[in-house]
>>> print(open('model-v4.cif').read())   # mmCIF, C-alpha atoms and all ligand atoms
data_input
#
loop_
_atom_site.label_atom_id
_atom_site.label_comp_id
_atom_site.auth_asym_id
_atom_site.auth_seq_id
_atom_site.Cartn_x
_atom_site.Cartn_y
_atom_site.Cartn_z
CA MET P 2 13.50 136.04 -144.76
CA ALA P 3 16.53 135.44 -142.57
CA GLU P 4 16.17 132.43 -140.45
CA VAL P 5 19.18 131.82 -138.25
CA PHE P 6 22.02 130.17 -140.17
CA LYS P 7 22.96 126.94 -138.48
CA SER P 8 26.40 125.32 -138.73
CA ILE P 9 26.36 121.59 -139.20
CA ASP P 10 27.17 119.89 -135.89
CA TRP P 11 28.19 116.25 -136.28
CA ASN P 12 28.38 115.93 -132.49
CA HIS P 13 24.62 116.32 -132.18
CA LEU P 14 22.75 114.09 -134.58
CA GLU P 15 19.04 114.14 -135.24
CA ASP P 16 19.30 110.81 -137.03
CA SER P 17 22.18 108.44 -136.34
CA VAL P 18 21.59 106.76 -139.72
CA ASP P 19 23.09 109.89 -141.34
CA LEU P 20 26.47 109.41 -139.65
CA ALA P 21 26.43 105.63 -140.18
CA THR P 22 25.77 106.17 -143.90
CA TRP P 23 28.38 108.93 -144.18
CA ASP P 24 31.00 106.58 -142.69
CA LYS P 25 30.00 103.64 -144.84
CA ALA P 26 29.84 105.69 -148.05
CA ASN P 27 33.31 107.13 -147.44
CA LYS P 28 34.73 103.74 -146.52
CA GLN P 29 33.64 102.36 -149.90
CA PHE P 30 34.92 105.40 -151.85
CA TRP P 31 36.72 104.40 -155.05
CA LEU P 32 37.95 105.71 -158.41
CA PRO P 33 37.97 103.81 -161.72
CA GLU P 34 41.75 104.23 -162.07
CA ARG P 35 42.03 101.58 -159.36
CA VAL P 36 40.69 98.84 -161.66
CA PRO P 37 42.98 97.50 -164.44
CA ILE P 38 40.30 97.59 -167.14
CA SER P 39 42.84 97.04 -169.94
CA LYS P 40 43.35 93.48 -168.67
CA ASP P 41 39.93 92.75 -170.23
CA LEU P 42 41.12 93.62 -173.75
CA SER P 43 42.06 90.05 -174.49
CA ASP P 44 38.58 88.80 -173.45
CA TRP P 45 37.00 91.65 -175.44
CA ASN P 46 38.88 90.70 -178.61
CA ASN P 47 38.92 86.92 -178.25
CA LYS P 48 36.04 85.76 -176.06
CA LEU P 49 33.20 88.01 -177.26
CA ASN P 50 31.62 88.10 -180.71
CA GLU P 51 30.65 91.41 -182.31
CA LYS P 52 26.99 91.10 -181.24
CA GLU P 53 28.13 90.73 -177.64
CA ARG P 54 30.49 93.69 -177.92
CA VAL P 55 27.63 95.82 -179.27
CA LEU P 56 25.46 94.66 -176.34
CA TYR P 57 28.17 95.85 -173.93
CA ASP P 58 28.31 99.18 -175.80
CA LYS P 59 24.60 99.70 -175.44
CA VAL P 60 24.21 98.69 -171.81
CA LEU P 61 27.19 100.77 -170.73
CA ALA P 62 25.90 103.77 -172.68
CA GLY P 63 22.44 103.36 -171.16
CA LEU P 64 23.99 103.17 -167.69
CA THR P 65 26.02 106.30 -168.43
CA MET P 66 22.75 108.11 -169.11
CA LEU P 67 21.22 107.02 -165.80
CA ASP P 68 24.31 107.99 -163.80
CA THR P 69 24.49 111.32 -165.62
CA LEU P 70 20.89 112.01 -164.59
CA GLN P 71 21.72 111.06 -160.99
CA SER P 72 24.85 113.21 -160.89
CA GLU P 73 23.28 116.25 -162.54
CA GLN P 74 19.83 116.12 -160.93
CA GLY P 75 18.92 113.14 -158.74
CA GLY P 76 21.45 113.60 -155.95
CA ILE P 77 20.93 117.33 -155.90
CA GLN P 78 17.11 117.20 -155.93
CA VAL P 79 16.96 114.54 -153.22
CA GLY P 80 19.55 116.63 -151.35
CA PHE P 81 17.23 119.67 -151.49
CA ALA P 82 14.57 117.46 -149.91
CA SER P 83 16.84 116.62 -146.94
CA ARG P 84 15.28 116.40 -143.49
CA THR P 85 18.55 117.12 -141.63
CA GLN P 86 21.77 118.97 -142.38
CA HIS P 87 23.66 115.69 -142.04
CA GLU P 88 21.45 114.07 -144.65
CA LYS P 89 22.39 116.89 -147.00
CA ALA P 90 26.07 116.16 -146.40
CA VAL P 91 25.48 112.48 -147.18
CA MET P 92 23.66 113.48 -150.37
CA ASN P 93 26.66 115.61 -151.37
CA GLN P 94 28.90 112.56 -151.06
CA ILE P 95 26.38 110.49 -153.01
CA THR P 96 26.11 113.12 -155.76
CA PHE P 97 29.88 113.20 -156.19
CA MET P 98 29.97 109.41 -156.45
CA GLU P 99 27.37 109.64 -159.23
CA SER P 100 29.90 111.71 -161.17
CA VAL P 101 32.54 109.06 -160.44
CA HIS P 102 30.15 106.42 -161.80
CA SER P 103 29.35 108.30 -164.99
CA ARG P 104 33.09 109.00 -165.39
CA SER P 105 33.98 105.34 -165.02
CA TYR P 106 31.98 104.17 -168.04
CA SER P 107 34.06 106.51 -170.17
CA SER P 108 37.21 104.87 -168.79
CA ILE P 109 35.82 101.52 -169.95
CA PHE P 110 34.89 102.89 -173.37
CA SER P 111 38.26 104.54 -173.95
CA THR P 112 39.96 101.22 -173.15
CA LEU P 113 37.79 99.10 -175.45
CA ARG P 114 36.63 101.34 -178.28
CA THR P 115 37.83 104.03 -180.71
CA ALA P 116 36.84 107.67 -180.35
CA LYS P 117 34.67 107.37 -183.45
CA ARG P 118 32.82 104.34 -182.12
CA ILE P 119 32.36 106.01 -178.72
CA SER P 120 30.67 108.98 -180.40
CA GLU P 121 28.33 106.60 -182.25
CA ILE P 122 27.39 104.87 -178.98
CA PHE P 123 26.64 108.15 -177.22
CA LYS P 124 24.58 109.26 -180.22
CA TRP P 125 22.62 106.01 -179.94
CA THR P 126 21.50 106.86 -176.39
CA GLU P 127 20.23 110.23 -177.60
CA GLU P 128 18.14 108.48 -180.23
CA ASN P 129 16.94 105.47 -178.27
CA GLU P 130 13.29 106.07 -177.40
CA TYR P 131 13.29 103.84 -174.30
CA ILE P 132 16.36 105.44 -172.71
CA GLN P 133 15.02 108.91 -173.46
CA TYR P 134 11.58 107.99 -172.13
CA LYS P 135 12.81 106.76 -168.75
CA ALA P 136 15.15 109.72 -168.37
CA LYS P 137 12.25 112.11 -169.06
CA VAL P 138 9.85 110.37 -166.66
CA ILE P 139 12.41 110.51 -163.83
CA GLU P 140 13.58 114.03 -164.65
CA ASP P 141 10.01 115.31 -164.59
CA ILE P 142 9.65 114.05 -161.00
CA TYR P 143 13.00 115.57 -159.99
CA GLN P 144 11.86 118.90 -161.44
CA ASN P 145 8.21 118.95 -160.43
CA GLY P 146 7.62 116.26 -157.82
CA THR P 147 7.20 116.52 -154.05
CA ASP P 148 10.03 115.61 -151.67
CA ILE P 149 8.69 112.13 -151.11
CA GLN P 150 8.08 111.58 -154.84
CA LYS P 151 11.70 112.52 -155.60
CA ARG P 152 12.86 109.81 -153.22
CA VAL P 153 10.67 107.22 -154.97
CA ALA P 154 12.04 108.25 -158.38
CA SER P 155 15.61 108.02 -157.12
CA VAL P 156 15.14 104.58 -155.55
CA PHE P 157 13.38 103.22 -158.65
CA LEU P 158 16.23 104.49 -160.80
CA GLU P 159 18.99 103.11 -158.58
CA SER P 160 17.49 99.88 -157.27
CA PHE P 161 15.52 98.91 -160.40
CA LEU P 162 16.33 100.72 -163.68
CA PHE P 163 20.07 100.04 -163.50
CA TYR P 164 19.59 96.30 -163.60
CA SER P 165 18.65 95.91 -167.28
CA GLY P 166 22.21 97.16 -167.88
CA PHE P 167 23.97 95.50 -164.94
CA PHE P 168 22.71 92.13 -166.22
CA THR P 169 25.29 91.96 -169.04
CA PRO P 170 28.56 92.41 -167.11
CA LEU P 171 27.25 90.19 -164.27
CA TYR P 172 26.16 87.44 -166.65
CA TYR P 173 29.44 87.44 -168.55
CA VAL P 174 31.63 87.52 -165.45
CA GLY P 175 29.50 84.60 -164.24
CA MET P 176 30.94 82.82 -167.31
CA GLY P 177 34.44 84.04 -166.46
CA LYS P 178 34.56 86.85 -169.04
CA MET P 179 35.36 90.57 -168.70
CA SER P 180 36.08 90.46 -164.97
CA ASN P 181 37.64 93.93 -164.65
CA VAL P 182 34.72 95.69 -166.31
CA ALA P 183 32.52 93.66 -163.96
CA GLU P 184 34.64 94.86 -161.04
CA VAL P 185 33.83 98.48 -161.93
CA ILE P 186 30.16 97.59 -162.25
CA LYS P 187 30.19 95.84 -158.88
CA LEU P 188 31.70 98.91 -157.23
CA ILE P 189 28.90 101.00 -158.75
CA LEU P 190 26.31 98.43 -157.73
CA LYS P 191 27.57 98.44 -154.14
CA ASP P 192 27.21 102.24 -154.03
CA GLU P 193 23.72 102.06 -155.54
CA ALA P 194 22.72 99.50 -152.94
CA LEU P 195 23.75 101.91 -150.18
CA HIS P 196 22.05 104.87 -151.89
CA GLY P 197 18.83 102.87 -152.34
CA GLN P 198 18.84 101.82 -148.69
CA PHE P 199 19.52 105.33 -147.38
CA ILE P 200 17.06 107.20 -149.58
CA GLY P 201 14.52 104.39 -149.11
CA TYR P 202 14.92 104.71 -145.34
CA LYS P 203 14.23 108.47 -145.50
CA HIS P 204 11.18 107.67 -147.62
CA ARG P 205 9.92 105.27 -144.95
CA LEU P 206 10.24 108.00 -142.30
CA MET P 207 8.05 110.25 -144.45
CA LEU P 208 5.53 107.46 -145.06
CA ASP P 209 5.14 107.00 -141.32
CA GLU P 210 4.25 110.67 -140.93
CA MET P 211 1.45 110.54 -143.52
CA SER P 212 -2.24 110.17 -142.79
CA ASP P 213 -3.89 106.99 -144.09
CA GLU P 214 -5.39 108.82 -147.06
CA GLU P 215 -2.16 110.57 -147.97
CA ARG P 216 -0.31 107.31 -147.72
CA GLU P 217 -2.79 105.45 -149.91
CA GLU P 218 -2.67 108.14 -152.57
CA HIS P 219 1.12 108.18 -152.50
CA GLU P 220 1.40 104.41 -152.72
CA ASP P 221 -1.01 104.30 -155.68
CA TRP P 222 1.15 106.90 -157.40
CA ALA P 223 4.33 104.91 -156.69
CA TYR P 224 2.92 101.60 -158.01
CA GLU P 225 1.67 103.35 -161.12
CA LEU P 226 5.11 104.85 -161.68
CA LEU P 227 6.73 101.43 -161.29
CA ASP P 228 4.26 99.96 -163.79
CA THR P 229 5.07 102.71 -166.31
CA LEU P 230 8.81 102.20 -165.87
CA TYR P 231 8.53 98.41 -165.94
CA LYS P 232 6.62 98.39 -169.25
CA ASN P 233 9.25 100.65 -170.81
CA GLU P 234 12.03 98.50 -169.36
CA VAL P 235 10.56 95.36 -170.92
CA LYS P 236 10.61 96.99 -174.37
CA TYR P 237 14.16 98.22 -173.82
CA THR P 238 15.16 94.71 -172.72
CA GLN P 239 13.59 93.14 -175.81
CA GLU P 240 15.41 95.56 -178.07
CA LEU P 241 18.78 94.86 -176.44
CA TYR P 242 18.58 91.19 -175.60
CA ASP P 243 16.15 89.40 -177.99
CA GLU P 244 18.87 88.72 -180.54
CA LEU P 245 21.07 86.95 -177.98
CA GLY P 246 18.17 85.12 -176.33
CA TYR P 247 18.56 86.63 -172.84
CA THR P 248 15.29 88.57 -172.64
CA GLU P 249 13.42 86.23 -170.27
CA ASP P 250 16.40 86.03 -167.91
CA VAL P 251 16.74 89.81 -167.86
CA LYS P 252 13.00 90.21 -167.16
CA GLN P 253 13.30 87.89 -164.14
CA PHE P 254 16.24 89.93 -162.91
CA LEU P 255 14.25 93.15 -163.38
CA LYS P 256 11.32 91.79 -161.37
CA TYR P 257 13.64 90.58 -158.62
CA ASN P 258 15.19 94.04 -158.34
CA ALA P 259 11.86 95.89 -158.64
CA ASP P 260 10.77 94.04 -155.51
CA ARG P 261 13.99 95.04 -153.77
CA ALA P 262 13.35 98.68 -154.72
CA LEU P 263 9.86 98.39 -153.18
CA MET P 264 11.37 96.88 -150.03
CA ASN P 265 13.82 99.78 -149.76
CA LEU P 266 10.85 102.14 -149.92
CA GLY P 267 8.89 100.21 -147.31
CA LEU P 268 6.23 99.17 -149.84
CA ASP P 269 4.78 95.69 -150.46
CA THR P 270 6.47 93.66 -153.19
CA ILE P 271 4.47 92.76 -156.31
CA PHE P 272 6.51 90.35 -158.43
CA GLU P 273 7.55 87.79 -155.79
CA VAL P 274 10.62 86.66 -157.73
CA SER P 275 13.18 85.01 -155.45
CA ARG P 276 16.94 84.57 -155.88
CA GLU P 277 16.35 81.04 -157.14
CA ASP P 278 14.24 82.39 -160.02
CA VAL P 279 17.16 84.46 -161.35
CA ASN P 280 19.71 82.94 -163.73
CA PRO P 281 22.45 81.51 -161.43
CA LEU P 282 25.21 82.93 -163.63
CA VAL P 283 24.00 86.44 -162.81
CA MET P 284 23.76 85.62 -159.12
CA ASN P 285 27.30 84.20 -159.26
CA GLY P 286 28.43 87.43 -160.84
CA LEU P 287 26.67 89.39 -158.12
CA SER P 288 28.25 87.45 -155.28
CA THR P 289 31.88 86.92 -156.30
CA GLU P 290 33.23 89.71 -154.11
MN MN3 P 301 25.39 105.90 -159.61
MN MN3 P 302 23.34 106.30 -156.74
#
>>> encode(input="model-v4.cif", output="structure tokens", more="lines below")
Ligand code: MN3
Ligand code: MN3
Amino acid sequence: MAEVFKSIDWNHLEDSVDLATWDKANKQFWLPERVPISKDLSDWNNKLNEKERVLYDKVLAGLTMLDTLQSEQGGIQVGFASRTQHEKAVMNQITFMESVHSRSYSSIFSTLRTAKRISEIFKWTEENEYIQYKAKVIEDIYQNGTDIQKRVASVFLESFLFYSGFFTPLYYVGMGKMSNVAEVIKLILKDEALHGQFIGYKHRLMLDEMSDEEREEHEDWAYELLDTLYKNEVKYTQELYDELGYTEDVKQFLKYNADRALMNLGLDTIFEVSREDVNPLVMNGLSTE
């Protein structure tokens, strides 16, 4: 037992990326109260049809599930895997922001929907096989995986799985609709981008320390996990988007972001989908800040 207890010393860093990320994460700190979501009520009532409103319900509820998993397990499990004390501090900040994210969807729901409808939407996520499947696959890695596997799971969740949901608010704000909800989503997206980069960077450090065999085995495992998640994501996308005709556009967006997740992890891309291959409305939505 009893190693020496060490106080965290920010004046002596083992990895300067920890401090840079701490500063950046705190600089972009936000709370949903800052965004006037109720200004979207007129768009919600007048510019969307009921099918589109139900699509928003489902994507926001699915995103709530992913951010709940990150706030209750992901941030903490990746935090346990920290290589430095400063990394652990960064992961604490990240974990708190995951609770802000999951909180913010409820602010959107309470603005747009009745309590009864909100309960129905949350019930839907408990019964949706694709949402439950991805949550279980990721949770199993958080519970039973190695340190490096936890980082892969976290980056796939944040840099890839979120995007089947992010598509809707980005696409509609690209058409000039629901801009305040999109503002919340963009704040979340900006955080996830930072989280994916930071955790991906720590993953790359671990990759560099592996022997060739270990690395090959790990990479095979990671690509297989991505394949499993991608297949599930395609079915989820079809269920949500077929009726409105957006499925192919969402799939392109998923592939584009899957490659970005692989880049964060320091792994070769597999889909080779460029910005130009993604629906320009979504890219507009992404870049309006
Ligand atoms: Mn989050
Ligand atoms: Mn995150």
>>> closest_residue(input="model-v4.cif", among="P:Phe110, P:Phe157, P:Tyr242, P:Tyr247", to="P:Asp260", atoms="all atoms listed in the file")
P:Phe157
>>> residues_near_ligand(input="model-v4.cif", ligand="ligand MN3 301 (chain P)", cutoff="6 Å", atoms="all atoms listed in the file", output="mmCIF file with C-alpha atoms, in the coordinates of the input")
data_model
loop_
_atom_site.group_PDB
_atom_site.id
_atom_site.type_symbol
_atom_site.label_atom_id
_atom_site.label_comp_id
_atom_site.auth_asym_id
_atom_site.auth_seq_id
_atom_site.Cartn_x
_atom_site.Cartn_y
_atom_site.Cartn_z
ATOM 1 C CA ASP P 68 24.310 107.990 -163.800
ATOM 2 C CA GLU P 99 27.370 109.640 -159.230
ATOM 3 C CA HIS P 102 30.150 106.420 -161.800
ATOM 4 C CA GLU P 193 23.720 102.060 -155.540
#
>>> closest_atom_pairs(input="model-v4.cif", of="chain P", to="ligand MN3 302 (chain P)", cutoff="9 Å", atoms="all atoms listed in the file", output="CSV")
residue,atom,partner,partner_atom,distance
P:Asp68,CA,P:MN3_302,MN,7.3
P:Gln71,CA,P:MN3_302,MN,6.6
P:Ser72,CA,P:MN3_302,MN,8.2
P:Gly75,CA,P:MN3_302,MN,8.4
P:Gly76,CA,P:MN3_302,MN,7.6
P:Ile95,CA,P:MN3_302,MN,6.4
P:Thr96,CA,P:MN3_302,MN,7.4
P:Met98,CA,P:MN3_302,MN,7.3
P:Glu99,CA,P:MN3_302,MN,5.8
P:His102,CA,P:MN3_302,MN,8.5
P:Ser155,CA,P:MN3_302,MN,7.9
P:Val156,CA,P:MN3_302,MN,8.5
P:Leu158,CA,P:MN3_302,MN,8.4
P:Glu159,CA,P:MN3_302,MN,5.7
P:Ser160,CA,P:MN3_302,MN,8.7
P:Ile189,CA,P:MN3_302,MN,7.9
P:Leu190,CA,P:MN3_302,MN,8.5
P:Asp192,CA,P:MN3_302,MN,6.2
P:Glu193,CA,P:MN3_302,MN,4.4
P:Ala194,CA,P:MN3_302,MN,7.8
P:Leu195,CA,P:MN3_302,MN,7.9
P:His196,CA,P:MN3_302,MN,5.2
P:Gly197,CA,P:MN3_302,MN,7.2
>>> atom_distance(input="model-v4.cif", atom1="atom CA of P:Lys48", atom2="atom CA of P:Thr112")
16.2 Å
>>> closest_residue(input="model-v4.cif", among="P:Met284, P:Met179, P:Met207, P:Gln198", to="P:Asn47", atoms="only C-alpha atoms")
P:Met179
>>> atom_distance(input="model-v4.cif", atom1="atom CA of P:Asp278", atom2="atom CA of P:Met264")
17.8 Å
>>> closest_residue(input="model-v4.cif", among="P:Met66, P:Lys178, P:Pro170, P:Val153", to="P:Lys124", atoms="all atoms listed in the file")
P:Met66
>>> residues_around(input="model-v4.cif", residues="P:Lys203", least_positions_apart="3", cutoff="9 Å", atoms="only C-alpha atoms", output="PyMOL selection string")
chain P and resi 83-84+149+152+198-200+206-208+266
>>> atom_distance(input="model-v4.cif", atom1="atom CA of P:Gly267", atom2="atom CA of P:Arg205")
5.7 Å
>>> residues_around(input="model-v4.cif", residues="P:Pro281", least_positions_apart="4", cutoff="12 Å", atoms="all atoms listed in the file", output="list in words")
Phe168, Leu171, Tyr172, Tyr173, Val174, Gly175, Met176, Asp250, Val251, Gln253, Phe254, Ser275, Arg276, Glu277, Asn285, Gly286, Leu287 and Ser288 of chain P
>>> write_last_selection(input="model-v4.cif", atoms="C-alpha atoms", output="mmCIF file, in the coordinates of the input")
data_model
loop_
_atom_site.group_PDB
_atom_site.id
_atom_site.type_symbol
_atom_site.label_atom_id
_atom_site.label_comp_id
_atom_site.auth_asym_id
_atom_site.auth_seq_id
_atom_site.Cartn_x
_atom_site.Cartn_y
_atom_site.Cartn_z
ATOM 1 C CA PHE P 168 22.710 92.130 -166.220
ATOM 2 C CA LEU P 171 27.250 90.190 -164.270
ATOM 3 C CA TYR P 172 26.160 87.440 -166.650
ATOM 4 C CA TYR P 173 29.440 87.440 -168.550
ATOM 5 C CA VAL P 174 31.630 87.520 -165.450
ATOM 6 C CA GLY P 175 29.500 84.600 -164.240
ATOM 7 C CA MET P 176 30.940 82.820 -167.310
ATOM 8 C CA ASP P 250 16.400 86.030 -167.910
ATOM 9 C CA VAL P 251 16.740 89.810 -167.860
ATOM 10 C CA GLN P 253 13.300 87.890 -164.140
ATOM 11 C CA PHE P 254 16.240 89.930 -162.910
ATOM 12 C CA SER P 275 13.180 85.010 -155.450
ATOM 13 C CA ARG P 276 16.940 84.570 -155.880
ATOM 14 C CA GLU P 277 16.350 81.040 -157.140
ATOM 15 C CA ASN P 285 27.300 84.200 -159.260
ATOM 16 C CA GLY P 286 28.430 87.430 -160.840
ATOM 17 C CA LEU P 287 26.670 89.390 -158.120
ATOM 18 C CA SER P 288 28.250 87.450 -155.280
#
>>> closest_residue(input="model-v4.cif", among="P:Tyr231, P:Phe30, P:Trp11, P:Tyr106", to="P:Gln86", atoms="all atoms listed in the file")
P:Trp11
>>> residues_around(input="model-v4.cif", residues="P:Lys256", least_positions_apart="6", cutoff="8 Å", atoms="all atoms listed in the file", output="list of chain:residue names")
P:Phe272, P:Glu273, P:Val274
>>> residues_near_point(input="model-v4.cif", point="(35.6, 92.6, -180.5)", cutoff="12 Å", atoms="all atoms listed in the file", output="compact mmCIF listing (two decimals) with C-alpha atoms, in the frame of the given file")
# COMPACT_ATOMS: atom_id res chain seq x y z
CA ASP P 41 39.93 92.75 -170.23
CA LEU P 42 41.12 93.62 -173.75
CA SER P 43 42.06 90.05 -174.49
CA ASP P 44 38.58 88.80 -173.45
CA TRP P 45 37.00 91.65 -175.44
CA ASN P 46 38.88 90.70 -178.61
CA ASN P 47 38.92 86.92 -178.25
CA LYS P 48 36.04 85.76 -176.06
CA LEU P 49 33.20 88.01 -177.26
CA ASN P 50 31.62 88.10 -180.71
CA GLU P 51 30.65 91.41 -182.31
CA LYS P 52 26.99 91.10 -181.24
CA GLU P 53 28.13 90.73 -177.64
CA ARG P 54 30.49 93.69 -177.92
CA VAL P 55 27.63 95.82 -179.27
CA LEU P 56 25.46 94.66 -176.34
CA TYR P 57 28.17 95.85 -173.93
CA ASP P 58 28.31 99.18 -175.80
CA LEU P 113 37.79 99.10 -175.45
CA ARG P 114 36.63 101.34 -178.28
CA THR P 115 37.83 104.03 -180.71
CA MET P 179 35.36 90.57 -168.70
>>> closest_residue(input="model-v4.cif", among="P:Leu67, P:Ile142, P:Leu245, P:Val5", to="P:Val79", atoms="all atoms listed in the file")
P:Ile142
>>> residues_around(input="model-v4.cif", residues="stretch 59-65 of chain P", least_positions_apart="4", cutoff="6 Å", atoms="only C-alpha atoms", output="list of chain:residue names")
P:Thr69, P:Ser103, P:Gly166
>>> closest_residue(input="model-v4.cif", among="P:Lys135, P:His219, P:Arg104, P:Lys117", to="P:Glu34", atoms="all atoms listed in the file")
P:Arg104
>>> residues_around(input="model-v4.cif", residues="stretch 21-28 of chain P", least_positions_apart="3", cutoff="7 Å", atoms="all atoms listed in the file", output="list in words")
Ser17, Val18 and Val91 of chain P
>>> decode(input="model-v4.cif", residues="stretch 50-125 of chain P", atoms="C-alpha atoms", output="PDB file, in the first residue's frame")
ATOM      1  CA  ASN P  50     -43.988  20.017 -39.796  1.00  0.00           C
ATOM      2  CA  GLU P  51     -44.838  17.366 -37.209  1.00  0.00           C
ATOM      3  CA  LYS P  52     -42.531  14.765 -38.807  1.00  0.00           C
ATOM      4  CA  GLU P  53     -39.641  17.212 -38.480  1.00  0.00           C
ATOM      5  CA  ARG P  54     -40.512  18.000 -34.874  1.00  0.00           C
ATOM      6  CA  VAL P  55     -40.536  14.272 -34.081  1.00  0.00           C
ATOM      7  CA  LEU P  56     -37.125  13.951 -35.772  1.00  0.00           C
ATOM      8  CA  TYR P  57     -35.786  16.702 -33.492  1.00  0.00           C
ATOM      9  CA  ASP P  58     -37.295  14.879 -30.487  1.00  0.00           C
ATOM     10  CA  LYS P  59     -35.552  11.665 -31.385  1.00  0.00           C
ATOM     11  CA  VAL P  60     -32.131  13.057 -32.231  1.00  0.00           C
ATOM     12  CA  LEU P  61     -32.049  15.215 -29.104  1.00  0.00           C
ATOM     13  CA  ALA P  62     -33.133  12.274 -26.954  1.00  0.00           C
ATOM     14  CA  GLY P  63     -30.489  10.041 -28.542  1.00  0.00           C
ATOM     15  CA  LEU P  64     -27.857  12.722 -27.895  1.00  0.00           C
ATOM     16  CA  THR P  65     -29.030  12.999 -24.297  1.00  0.00           C
ATOM     17  CA  MET P  66     -28.303   9.293 -23.904  1.00  0.00           C
ATOM     18  CA  LEU P  67     -24.764   9.624 -25.269  1.00  0.00           C
ATOM     19  CA  ASP P  68     -23.970  12.632 -23.076  1.00  0.00           C
ATOM     20  CA  THR P  69     -25.436  10.861 -20.047  1.00  0.00           C
ATOM     21  CA  LEU P  70     -23.105   7.929 -20.701  1.00  0.00           C
ATOM     22  CA  GLN P  71     -20.153  10.320 -21.028  1.00  0.00           C
ATOM     23  CA  SER P  72     -21.031  12.217 -17.849  1.00  0.00           C
ATOM     24  CA  GLU P  73     -21.728   9.126 -15.747  1.00  0.00           C
ATOM     25  CA  GLN P  74     -18.980   6.843 -17.069  1.00  0.00           C
ATOM     26  CA  GLY P  75     -16.872   7.997 -20.014  1.00  0.00           C
ATOM     27  CA  GLY P  76     -15.178  11.010 -18.456  1.00  0.00           C
ATOM     28  CA  ILE P  77     -14.620   9.186 -15.200  1.00  0.00           C
ATOM     29  CA  GLN P  78     -13.262   5.982 -16.765  1.00  0.00           C
ATOM     30  CA  VAL P  79     -10.924   7.852 -19.098  1.00  0.00           C
ATOM     31  CA  GLY P  80      -9.960   9.963 -16.067  1.00  0.00           C
ATOM     32  CA  PHE P  81      -8.982   6.801 -14.151  1.00  0.00           C
ATOM     33  CA  ALA P  82      -6.726   5.956 -17.089  1.00  0.00           C
ATOM     34  CA  SER P  83      -4.879   9.300 -16.816  1.00  0.00           C
ATOM     35  CA  ARG P  84      -1.135   9.331 -17.378  1.00  0.00           C
ATOM     36  CA  THR P  85      -0.547  12.532 -15.361  1.00  0.00           C
ATOM     37  CA  GLN P  86      -2.271  14.303 -12.484  1.00  0.00           C
ATOM     38  CA  HIS P  87      -2.925  17.257 -14.775  1.00  0.00           C
ATOM     39  CA  GLU P  88      -4.663  15.020 -17.280  1.00  0.00           C
ATOM     40  CA  LYS P  89      -6.953  13.892 -14.468  1.00  0.00           C
ATOM     41  CA  ALA P  90      -7.807  17.519 -13.717  1.00  0.00           C
ATOM     42  CA  VAL P  91      -8.619  18.104 -17.392  1.00  0.00           C
ATOM     43  CA  MET P  92     -10.823  14.999 -17.360  1.00  0.00           C
ATOM     44  CA  ASN P  93     -12.674  16.383 -14.330  1.00  0.00           C
ATOM     45  CA  GLN P  94     -13.467  19.543 -16.282  1.00  0.00           C
ATOM     46  CA  ILE P  95     -14.522  17.449 -19.269  1.00  0.00           C
ATOM     47  CA  THR P  96     -16.745  15.223 -17.121  1.00  0.00           C
ATOM     48  CA  PHE P  97     -18.523  18.239 -15.653  1.00  0.00           C
ATOM     49  CA  MET P  98     -19.113  19.635 -19.138  1.00  0.00           C
ATOM     50  CA  GLU P  99     -20.715  16.308 -20.090  1.00  0.00           C
ATOM     51  CA  SER P 100     -23.268  16.968 -17.353  1.00  0.00           C
ATOM     52  CA  VAL P 101     -23.784  20.472 -18.757  1.00  0.00           C
ATOM     53  CA  HIS P 102     -24.393  18.923 -22.180  1.00  0.00           C
ATOM     54  CA  SER P 103     -26.893  16.359 -20.961  1.00  0.00           C
ATOM     55  CA  ARG P 104     -28.579  19.120 -18.923  1.00  0.00           C
ATOM     56  CA  SER P 105     -28.866  21.393 -21.949  1.00  0.00           C
ATOM     57  CA  TYR P 106     -31.034  19.005 -23.982  1.00  0.00           C
ATOM     58  CA  SER P 107     -33.575  19.112 -21.172  1.00  0.00           C
ATOM     59  CA  SER P 108     -33.582  22.912 -21.409  1.00  0.00           C
ATOM     60  CA  ILE P 109     -34.428  22.557 -25.103  1.00  0.00           C
ATOM     61  CA  PHE P 110     -37.146  19.982 -24.412  1.00  0.00           C
ATOM     62  CA  SER P 111     -38.779  22.017 -21.657  1.00  0.00           C
ATOM     63  CA  THR P 112     -38.941  25.004 -24.029  1.00  0.00           C
ATOM     64  CA  LEU P 113     -40.451  23.098 -26.952  1.00  0.00           C
ATOM     65  CA  ARG P 114     -42.465  20.220 -25.509  1.00  0.00           C
ATOM     66  CA  THR P 115     -44.925  19.335 -22.739  1.00  0.00           C
ATOM     67  CA  ALA P 116     -43.922  17.263 -19.722  1.00  0.00           C
ATOM     68  CA  LYS P 117     -46.024  14.382 -21.022  1.00  0.00           C
ATOM     69  CA  ARG P 118     -44.371  14.444 -24.433  1.00  0.00           C
ATOM     70  CA  ILE P 119     -40.906  14.685 -22.845  1.00  0.00           C
ATOM     71  CA  SER P 120     -41.600  11.510 -20.847  1.00  0.00           C
ATOM     72  CA  GLU P 121     -42.649   9.733 -24.049  1.00  0.00           C
ATOM     73  CA  ILE P 122     -39.428  10.791 -25.788  1.00  0.00           C
ATOM     74  CA  PHE P 123     -37.244   9.574 -22.933  1.00  0.00           C
ATOM     75  CA  LYS P 124     -39.167   6.298 -22.878  1.00  0.00           C
ATOM     76  CA  TRP P 125     -38.468   5.954 -26.601  1.00  0.00           C
TER      77      TRP P 125
END
